[in-house]
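Here is the file run.cif (mmCIF, C-alpha atoms).
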```
data_upload
#
loop_
_atom_site.label_atom_id
_atom_site.label_comp_id
_atom_site.auth_asym_id
_atom_site.auth_seq_id
_atom_site.Cartn_x
_atom_site.Cartn_y
_atom_site.Cartn_z
CA MET U 13 -2.06 46.82 -13.32
CA SER U 14 1.11 45.27 -14.66
CA VAL U 15 3.01 43.14 -12.13
CA LEU U 16 6.19 44.43 -13.72
CA ALA U 17 5.58 48.09 -12.98
CA GLY U 18 4.42 47.90 -9.38
CA LEU U 19 3.42 50.73 -7.08
CA GLY U 20 5.04 52.44 -4.12
CA MET U 21 7.92 50.32 -2.84
CA THR U 22 7.98 48.26 -6.07
CA SER U 23 8.03 51.23 -8.45
CA ASP U 24 10.63 52.05 -11.09
CA ARG U 25 11.78 54.95 -8.90
CA THR U 26 12.48 52.54 -6.03
CA ARG U 27 14.48 50.30 -8.38
CA THR U 28 16.50 53.31 -9.52
CA ARG U 29 17.38 54.12 -5.91
CA MET U 30 18.57 50.53 -5.47
CA ILE U 31 20.92 50.90 -8.45
CA GLU U 32 22.25 54.17 -7.04
CA ARG U 33 23.01 52.39 -3.74
CA LEU U 34 24.86 49.62 -5.60
CA ARG U 35 27.03 52.24 -7.32
CA GLU U 36 27.77 53.83 -3.94
CA GLN U 37 28.82 50.42 -2.62
CA GLY U 38 31.35 50.01 -5.42
CA ILE U 39 29.59 48.15 -8.23
CA LYS U 40 31.07 49.71 -11.36
CA ASN U 41 30.08 47.43 -14.24
CA GLU U 42 27.27 49.17 -16.14
CA GLN U 43 26.16 45.91 -17.78
CA VAL U 44 25.54 44.43 -14.35
CA LEU U 45 23.72 47.52 -13.09
CA MET U 46 21.53 47.57 -16.20
CA ALA U 47 20.65 43.89 -15.81
CA ILE U 48 19.68 44.27 -12.16
CA GLY U 49 17.79 47.47 -12.87
CA VAL U 50 15.43 45.91 -15.40
CA VAL U 51 14.51 42.80 -13.37
CA PRO U 52 11.52 43.36 -11.02
CA ARG U 53 12.77 41.78 -7.78
CA HIS U 54 9.35 42.10 -6.13
CA ILE U 55 8.06 39.34 -8.44
CA PHE U 56 10.49 36.86 -6.86
CA VAL U 57 10.03 37.49 -3.13
CA GLU U 58 7.20 36.26 -0.92
CA GLU U 59 4.12 38.50 -1.26
CA ALA U 60 4.36 39.67 2.35
CA MET U 61 7.92 40.85 1.66
CA ALA U 62 7.23 42.71 -1.60
CA HIS U 63 7.49 46.10 0.13
CA ARG U 64 11.10 45.20 1.06
CA ALA U 65 12.09 43.83 -2.37
CA TYR U 66 14.44 46.71 -3.23
CA GLU U 67 16.22 46.90 0.09
CA ASP U 68 19.81 45.70 -0.08
CA THR U 69 19.17 42.63 2.03
CA ALA U 70 18.59 38.91 1.70
CA LEU U 71 14.94 37.95 2.21
CA PRO U 72 13.38 34.63 3.27
CA LEU U 73 11.85 32.21 0.78
CA ILE U 74 10.08 28.91 1.34
CA LEU U 75 11.90 25.87 2.78
CA GLY U 76 14.34 27.97 4.79
CA GLN U 77 16.03 29.41 1.69
CA THR U 78 16.76 33.05 0.90
CA ILE U 79 16.93 35.39 -2.09
CA SER U 80 20.41 36.93 -2.12
CA GLN U 81 20.85 40.62 -1.44
CA PRO U 82 21.16 42.72 -4.61
CA TYR U 83 24.75 43.74 -3.82
CA ILE U 84 25.91 40.11 -3.65
CA VAL U 85 24.14 39.25 -6.92
CA ALA U 86 25.77 42.26 -8.56
CA ARG U 87 29.21 41.53 -7.11
CA MET U 88 29.23 37.88 -8.18
CA ILE U 89 28.15 38.71 -11.73
CA GLU U 90 30.68 41.55 -11.85
CA LEU U 91 33.38 39.02 -10.99
CA LEU U 92 32.14 36.77 -13.79
CA LEU U 93 32.38 39.67 -16.25
CA GLU U 94 35.62 41.29 -15.13
CA GLY U 95 38.02 41.55 -18.07
CA ARG U 96 35.55 39.80 -20.40
CA THR U 97 33.07 41.15 -22.95
CA GLY U 98 30.29 38.79 -21.86
CA ILE U 99 29.41 35.82 -19.69
CA GLY U 100 28.48 33.48 -22.54
CA LYS U 101 26.76 30.16 -21.87
CA THR U 102 26.00 30.24 -18.15
CA LEU U 103 25.04 27.74 -15.44
CA GLU U 104 23.52 28.85 -12.16
CA VAL U 105 23.75 26.33 -9.32
CA GLY U 106 21.01 26.95 -6.75
CA ALA U 107 18.41 28.63 -8.96
CA GLY U 108 16.20 29.32 -5.94
CA CYS U 109 13.25 31.56 -6.83
CA GLY U 110 14.69 32.38 -10.27
CA TYR U 111 15.80 35.95 -9.54
CA GLN U 112 19.49 35.61 -10.32
CA ALA U 113 18.70 33.56 -13.44
CA ALA U 114 16.50 36.43 -14.63
CA VAL U 115 19.40 38.86 -14.12
CA LEU U 116 21.82 36.53 -15.90
CA ALA U 117 19.37 36.25 -18.82
CA GLN U 118 19.81 39.98 -19.45
CA LEU U 119 23.49 39.26 -20.14
CA SER U 120 23.37 35.88 -21.89
CA ARG U 121 21.08 34.20 -24.40
CA GLU U 122 21.86 30.78 -22.93
CA VAL U 123 21.21 30.36 -19.19
CA TYR U 124 20.80 27.07 -17.37
CA GLY U 125 19.70 26.74 -13.75
CA ILE U 126 19.73 23.74 -11.42
CA GLU U 127 17.89 23.55 -8.10
CA ARG U 128 17.76 20.65 -5.63
CA LEU U 129 14.47 21.67 -3.94
CA GLY U 130 11.49 20.74 -6.13
CA PRO U 131 8.92 23.17 -4.64
CA LEU U 132 11.37 26.06 -4.95
CA LEU U 133 12.10 25.15 -8.56
CA ALA U 134 8.35 25.15 -9.29
CA ARG U 135 8.17 28.66 -7.84
CA ALA U 136 11.10 29.75 -10.02
CA ARG U 137 9.35 28.44 -13.13
CA GLU U 138 6.20 30.40 -12.26
CA ASN U 139 8.19 33.59 -11.65
CA LEU U 140 10.14 33.35 -14.90
CA LYS U 141 7.02 32.50 -16.87
CA ALA U 142 5.40 35.70 -15.54
CA LEU U 143 8.31 37.63 -17.07
CA LYS U 144 8.18 35.58 -20.29
CA LEU U 145 11.82 34.51 -19.79
CA THR U 146 11.24 31.17 -21.47
CA ARG U 147 14.80 30.74 -22.78
CA ILE U 148 16.12 29.96 -19.28
CA ARG U 149 16.37 26.17 -18.91
CA LEU U 150 15.75 24.91 -15.37
CA LYS U 151 16.36 21.43 -13.99
CA HIS U 152 15.59 19.67 -10.70
CA GLY U 153 18.89 18.10 -9.72
CA ASP U 154 22.00 17.94 -7.56
CA GLY U 155 23.87 21.19 -8.07
CA MET U 156 27.13 19.72 -6.80
CA ALA U 157 27.11 17.48 -9.89
CA GLY U 158 26.49 20.40 -12.20
CA LEU U 159 24.80 19.83 -15.56
CA PRO U 160 27.19 17.65 -17.59
CA GLU U 161 24.72 17.13 -20.44
CA ALA U 162 24.84 20.87 -21.23
CA ALA U 163 28.56 21.47 -20.51
CA PRO U 164 30.93 23.09 -21.16
CA PHE U 165 29.97 26.50 -19.74
CA ASP U 166 31.64 29.86 -20.18
CA SER U 167 30.38 30.92 -16.74
CA ILE U 168 29.18 29.09 -13.63
CA ILE U 169 27.73 30.93 -10.62
CA VAL U 170 26.89 29.14 -7.38
CA ALA U 171 24.30 30.56 -4.98
CA ALA U 172 25.22 28.40 -1.96
CA ALA U 173 28.44 27.90 -0.01
CA GLY U 174 30.47 24.75 -0.49
CA ALA U 175 33.02 23.37 1.94
CA ALA U 176 35.25 23.19 -1.15
CA VAL U 177 34.86 23.84 -4.88
CA PRO U 178 33.14 20.78 -6.42
CA GLN U 179 35.46 19.17 -8.94
CA ALA U 180 32.49 18.43 -11.23
CA LEU U 181 31.84 22.15 -11.64
CA LYS U 182 35.49 22.87 -12.42
CA GLU U 183 35.46 20.14 -15.06
CA GLN U 184 32.36 21.63 -16.69
CA LEU U 185 34.05 24.97 -17.34
CA ALA U 186 35.14 25.67 -20.89
CA VAL U 187 38.75 26.70 -21.37
CA GLY U 188 38.69 30.43 -20.69
CA GLY U 189 35.58 29.96 -18.55
CA ARG U 190 35.05 31.30 -15.06
CA LEU U 191 33.35 29.96 -11.91
CA VAL U 192 32.27 32.13 -8.95
CA ILE U 193 31.35 30.29 -5.74
CA PRO U 194 31.19 31.08 -2.01
CA VAL U 195 33.44 28.67 -0.10
CA GLY U 196 33.79 28.03 3.60
CA GLY U 197 32.00 26.93 6.75
CA GLY U 198 31.86 29.57 9.48
CA VAL U 199 33.81 32.09 7.40
CA GLN U 200 32.84 32.19 3.73
CA GLU U 201 34.63 33.94 0.87
CA LEU U 202 33.91 34.36 -2.81
CA VAL U 203 36.28 32.20 -4.82
CA VAL U 204 36.84 32.72 -8.54
CA ILE U 205 38.13 29.80 -10.60
CA GLU U 206 39.36 30.31 -14.17
CA ARG U 207 40.09 27.40 -16.48
CA THR U 208 43.22 27.77 -18.58
CA PRO U 209 44.76 25.40 -21.14
CA ASP U 210 47.09 24.27 -18.33
CA GLY U 211 44.54 23.81 -15.54
CA TRP U 212 42.73 26.12 -13.13
CA LYS U 213 43.63 29.43 -11.48
CA GLU U 214 42.02 30.53 -8.23
CA GLY U 215 41.42 33.92 -6.63
CA VAL U 216 39.78 34.78 -3.30
CA PHE U 217 37.61 37.85 -2.85
CA ASP U 218 34.88 39.22 -0.55
CA ALA U 219 33.61 37.74 2.71
CA VAL U 220 30.00 36.58 2.26
CA ARG U 221 27.24 34.60 3.97
CA PHE U 222 25.23 31.95 2.11
CA VAL U 223 23.14 28.89 2.89
CA PRO U 224 25.19 25.66 2.55
CA LEU U 225 25.61 23.84 -0.75
CA LEU U 226 24.04 20.41 -0.16
CA PRO U 227 24.07 17.25 -2.27
CA GLY U 228 21.04 15.36 -3.57
CA VAL U 229 17.51 16.47 -4.39
CA ALA U 230 14.39 17.06 -2.32
#
```
Serialized structure, C-alpha cells:
Amino acid sequence: MSVLAGLGMTSDRTRTRMIERLREQGIKNEQVLMAIGVVPRHIFVEEAMAHRAYEDTALPLILGQTISQPYIVARMIELLLEGRTGIGKTLEVGAGCGYQAAVLAQLSREVYGIERLGPLLARARENLKALKLTRIRLKHGDGMAGLPEAAPFDSIIVAAAGAAVPQALKEQLAVGGRLVIPVGGGVQELVVIERTPDGWKEGVFDAVRFVPLLPGVA
C-alpha cells in the first residue's frame, strides 16, 4: 500500500474534507488550497496521531514541538502570496517535521528550511525523502540568524513566535520580498514585513499561538 494514499482517516476523501473546511474558514487562494491538498499530512505526524492528521488542529511532535494546524499553514502562505503571482525563493525558519516545507515546495522550486533541533531535522529529512521532495534544502542551524549564505529570499516564513522580528531575517529579504512571522509573548499576532527600496513596511494580522522562537542549536 502506498504511504501517500492512506486508508480511512488518511484517505484522499478525508483530505478533500479538510480543504472544504479551510474554504469555509476563509482561505480563498486556490494555489494555497491546491498545495495543502496534495501534501499527505499523515506522513509528517507521529504514527499514533495519523488518524487525526486531517483535523484542523496542531498535533504534538517529538521534543515538545508541534505541527501547525492546517488553517494556520494556509493563512501564513496566503499572506505570503497576497497580491503576488508566486512566493519565489523561500526560506522557512523552524522546519520542524518538514510539513510546511512540503507545502511550500508545491509553490516554489527553491525552498530552504532551517531547524535548530537536530533530531527533529532528521525526522524532516526522512519525511521529505519519502515524498521524493529532494529539492528542499534543509540545514541544522539557528533560525534567528536566518540563512545568509543563501540570501536574499523572496519569501521568509517563520514557524515560531519571536519577541520581536529578528533583524537578520529582515536583512535577508530581497527588495519586494515578504516575511510572515508570529510575534509576541502572551498574545501573539501574525506580522507581515515587506521590503521596499526605502526600507521595510509592517502589517499586523491574525491572533495566533506558536511555540517560542529560540536562539542556538540543539
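The shortest atom-to-atom distance to Thr26 in chain U, with all atoms listed in the file taken into account, belongs to U:Ala65 out of U:Ala86, U:Ala65, U:Ile169, U:Leu129.
Going from CA of Gly125 in chain U to CA of Ala113 in chain U covers 6.9 Å.
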Spatial neighbours of Leu143 in chain U, max dist 9 Å, all atoms listed in the file, sep filter under 3 positions, as a PyMOL selection string: chain U and resi 16+51-52+55+114+138-140+146
Evaluate the PyMOL selection byres ((chain U and resi 32) around 12) on the structure here and hand back the selected residues as a VMD selection string. chain U and resid 25 to 31 33 to 40 42 45 to 46 48 to 49 66 to 68 82 to 83
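Here the question is which of U:Leu92, U:Leu226, U:Cys109, U:Leu181 gets nearest to Thr78 in chain U using only C-alpha atoms, and that residue is U:Cys109.
With all atoms listed in the file as the basis for measurement, U:Phe56 is the residue among U:Glu122, U:Val115, U:Met156, U:Phe56 that approaches Ala142 in chain U most closely.
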Pro209 in chain U proximity check over U:Val223, U:Ile126, U:Ile84, U:Leu185, using all atoms listed in the file: winner is U:Leu185
For the file shown, report as a list in words the outcome of the PyMOL selection byres ((chain U and resi 184) around 7) at residue level. Pro160, Ala163, Pro164, Phe165, Ala180, Leu181, Lys182, Glu183, Leu185 and Ala186 of chain U
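The coordinates place CA of Val105 in chain U at 5.3 Å from CA of Gly155 in chain U.
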Expansion of the PyMOL selection byres ((chain U and resi 132) around 12) into residues, as a VMD selection string: chain U and resid 56 to 58 73 to 79 106 to 111 126 to 131 133 to 139 150 to 153 229 to 230
Once N, CA, C and O atoms are restored for range 89-114 of chain U, what would the output be as a PDB file, in the frame of the given file?
```
ATOM      1  N   ILE U  89      28.207  38.611 -10.272  1.00  0.00           N
ATOM      2  CA  ILE U  89      28.150  38.710 -11.730  1.00  0.00           C
ATOM      3  C   ILE U  89      29.246  39.636 -12.245  1.00  0.00           C
ATOM      4  O   ILE U  89      29.829  39.398 -13.317  1.00  0.00           O
ATOM      5  N   GLU U  90      29.570  40.674 -11.481  1.00  0.00           N
ATOM      6  CA  GLU U  90      30.680  41.550 -11.850  1.00  0.00           C
ATOM      7  C   GLU U  90      31.991  40.766 -11.907  1.00  0.00           C
ATOM      8  O   GLU U  90      32.801  40.959 -12.816  1.00  0.00           O
ATOM      9  N   LEU U  91      32.186  39.860 -10.962  1.00  0.00           N
ATOM     10  CA  LEU U  91      33.380  39.020 -10.990  1.00  0.00           C
ATOM     11  C   LEU U  91      33.391  38.091 -12.197  1.00  0.00           C
ATOM     12  O   LEU U  91      34.445  37.827 -12.788  1.00  0.00           O
ATOM     13  N   LEU U  92      32.220  37.595 -12.585  1.00  0.00           N
ATOM     14  CA  LEU U  92      32.140  36.770 -13.790  1.00  0.00           C
ATOM     15  C   LEU U  92      32.549  37.564 -15.031  1.00  0.00           C
ATOM     16  O   LEU U  92      33.183  37.029 -15.945  1.00  0.00           O
ATOM     17  N   LEU U  93      32.166  38.837 -15.064  1.00  0.00           N
ATOM     18  CA  LEU U  93      32.380  39.670 -16.250  1.00  0.00           C
ATOM     19  C   LEU U  93      33.745  40.329 -16.313  1.00  0.00           C
ATOM     20  O   LEU U  93      34.194  40.705 -17.400  1.00  0.00           O
ATOM     21  N   GLU U  94      34.406  40.484 -15.184  1.00  0.00           N
ATOM     22  CA  GLU U  94      35.620  41.290 -15.130  1.00  0.00           C
ATOM     23  C   GLU U  94      36.646  40.860 -16.178  1.00  0.00           C
ATOM     24  O   GLU U  94      37.054  39.705 -16.249  1.00  0.00           O
ATOM     25  N   GLY U  95      37.027  41.828 -17.038  1.00  0.00           N
ATOM     26  CA  GLY U  95      38.020  41.550 -18.070  1.00  0.00           C
ATOM     27  C   GLY U  95      37.473  40.781 -19.261  1.00  0.00           C
ATOM     28  O   GLY U  95      38.231  40.420 -20.159  1.00  0.00           O
ATOM     29  N   ARG U  96      36.167  40.544 -19.297  1.00  0.00           N
ATOM     30  CA  ARG U  96      35.550  39.800 -20.400  1.00  0.00           C
ATOM     31  C   ARG U  96      34.448  40.646 -21.022  1.00  0.00           C
ATOM     32  O   ARG U  96      33.880  41.518 -20.373  1.00  0.00           O
ATOM     33  N   THR U  97      34.107  40.385 -22.270  1.00  0.00           N
ATOM     34  CA  THR U  97      33.070  41.150 -22.950  1.00  0.00           C
ATOM     35  C   THR U  97      31.680  40.612 -22.663  1.00  0.00           C
ATOM     36  O   THR U  97      30.683  41.302 -22.891  1.00  0.00           O
ATOM     37  N   GLY U  98      31.585  39.381 -22.164  1.00  0.00           N
ATOM     38  CA  GLY U  98      30.290  38.790 -21.860  1.00  0.00           C
ATOM     39  C   GLY U  98      30.463  37.552 -21.014  1.00  0.00           C
ATOM     40  O   GLY U  98      31.582  37.075 -20.793  1.00  0.00           O
ATOM     41  N   ILE U  99      29.331  37.015 -20.526  1.00  0.00           N
ATOM     42  CA  ILE U  99      29.410  35.820 -19.690  1.00  0.00           C
ATOM     43  C   ILE U  99      29.175  34.544 -20.476  1.00  0.00           C
ATOM     44  O   ILE U  99      29.440  33.450 -19.990  1.00  0.00           O
ATOM     45  N   GLY U 100      28.665  34.652 -21.703  1.00  0.00           N
ATOM     46  CA  GLY U 100      28.480  33.480 -22.540  1.00  0.00           C
ATOM     47  C   GLY U 100      27.476  32.488 -21.965  1.00  0.00           C
ATOM     48  O   GLY U 100      26.578  32.842 -21.194  1.00  0.00           O
ATOM     49  N   LYS U 101      27.639  31.240 -22.339  1.00  0.00           N
ATOM     50  CA  LYS U 101      26.760  30.160 -21.870  1.00  0.00           C
ATOM     51  C   LYS U 101      26.961  29.977 -20.373  1.00  0.00           C
ATOM     52  O   LYS U 101      28.070  29.719 -19.921  1.00  0.00           O
ATOM     53  N   THR U 102      25.876  30.117 -19.601  1.00  0.00           N
ATOM     54  CA  THR U 102      26.000  30.240 -18.150  1.00  0.00           C
ATOM     55  C   THR U 102      25.159  29.210 -17.414  1.00  0.00           C
ATOM     56  O   THR U 102      24.010  28.943 -17.785  1.00  0.00           O
ATOM     57  N   LEU U 103      25.737  28.651 -16.355  1.00  0.00           N
ATOM     58  CA  LEU U 103      25.040  27.740 -15.440  1.00  0.00           C
ATOM     59  C   LEU U 103      24.929  28.395 -14.081  1.00  0.00           C
ATOM     60  O   LEU U 103      25.935  28.849 -13.523  1.00  0.00           O
ATOM     61  N   GLU U 104      23.706  28.429 -13.529  1.00  0.00           N
ATOM     62  CA  GLU U 104      23.520  28.850 -12.160  1.00  0.00           C
ATOM     63  C   GLU U 104      23.200  27.633 -11.300  1.00  0.00           C
ATOM     64  O   GLU U 104      22.254  26.897 -11.578  1.00  0.00           O
ATOM     65  N   VAL U 105      23.987  27.409 -10.271  1.00  0.00           N
ATOM     66  CA  VAL U 105      23.750  26.330  -9.320  1.00  0.00           C
ATOM     67  C   VAL U 105      23.038  26.912  -8.107  1.00  0.00           C
ATOM     68  O   VAL U 105      23.550  27.818  -7.458  1.00  0.00           O
ATOM     69  N   GLY U 106      21.834  26.389  -7.814  1.00  0.00           N
ATOM     70  CA  GLY U 106      21.010  26.950  -6.750  1.00  0.00           C
ATOM     71  C   GLY U 106      20.121  28.032  -7.310  1.00  0.00           C
ATOM     72  O   GLY U 106      20.202  29.194  -6.916  1.00  0.00           O
ATOM     73  N   ALA U 107      19.239  27.644  -8.253  1.00  0.00           N
ATOM     74  CA  ALA U 107      18.410  28.630  -8.960  1.00  0.00           C
ATOM     75  C   ALA U 107      17.417  29.316  -8.041  1.00  0.00           C
ATOM     76  O   ALA U 107      16.944  30.411  -8.349  1.00  0.00           O
ATOM     77  N   GLY U 108      17.087  28.687  -6.916  1.00  0.00           N
ATOM     78  CA  GLY U 108      16.200  29.320  -5.940  1.00  0.00           C
ATOM     79  C   GLY U 108      14.885  29.755  -6.551  1.00  0.00           C
ATOM     80  O   GLY U 108      14.208  28.989  -7.238  1.00  0.00           O
ATOM     81  N   CYS U 109      14.519  31.014  -6.333  1.00  0.00           N
ATOM     82  CA  CYS U 109      13.250  31.560  -6.830  1.00  0.00           C
ATOM     83  C   CYS U 109      13.337  32.038  -8.270  1.00  0.00           C
ATOM     84  O   CYS U 109      12.346  32.493  -8.834  1.00  0.00           O
ATOM     85  N   GLY U 110      14.533  31.978  -8.870  1.00  0.00           N
ATOM     86  CA  GLY U 110      14.690  32.380 -10.270  1.00  0.00           C
ATOM     87  C   GLY U 110      15.214  33.782 -10.478  1.00  0.00           C
ATOM     88  O   GLY U 110      15.472  34.188 -11.619  1.00  0.00           O
ATOM     89  N   TYR U 111      15.417  34.543  -9.393  1.00  0.00           N
ATOM     90  CA  TYR U 111      15.800  35.950  -9.540  1.00  0.00           C
ATOM     91  C   TYR U 111      17.153  36.122 -10.233  1.00  0.00           C
ATOM     92  O   TYR U 111      17.278  36.861 -11.213  1.00  0.00           O
ATOM     93  N   GLN U 112      18.165  35.430  -9.731  1.00  0.00           N
ATOM     94  CA  GLN U 112      19.490  35.610 -10.320  1.00  0.00           C
ATOM     95  C   GLN U 112      19.528  35.099 -11.759  1.00  0.00           C
ATOM     96  O   GLN U 112      20.193  35.685 -12.614  1.00  0.00           O
ATOM     97  N   ALA U 113      18.785  34.041 -12.056  1.00  0.00           N
ATOM     98  CA  ALA U 113      18.700  33.560 -13.440  1.00  0.00           C
ATOM     99  C   ALA U 113      18.109  34.625 -14.345  1.00  0.00           C
ATOM    100  O   ALA U 113      18.548  34.808 -15.488  1.00  0.00           O
ATOM    101  N   ALA U 114      17.110  35.357 -13.838  1.00  0.00           N
ATOM    102  CA  ALA U 114      16.500  36.430 -14.630  1.00  0.00           C
ATOM    103  C   ALA U 114      17.513  37.538 -14.906  1.00  0.00           C
ATOM    104  O   ALA U 114      17.538  38.105 -16.007  1.00  0.00           O
TER     105      ALA U 114
END
```
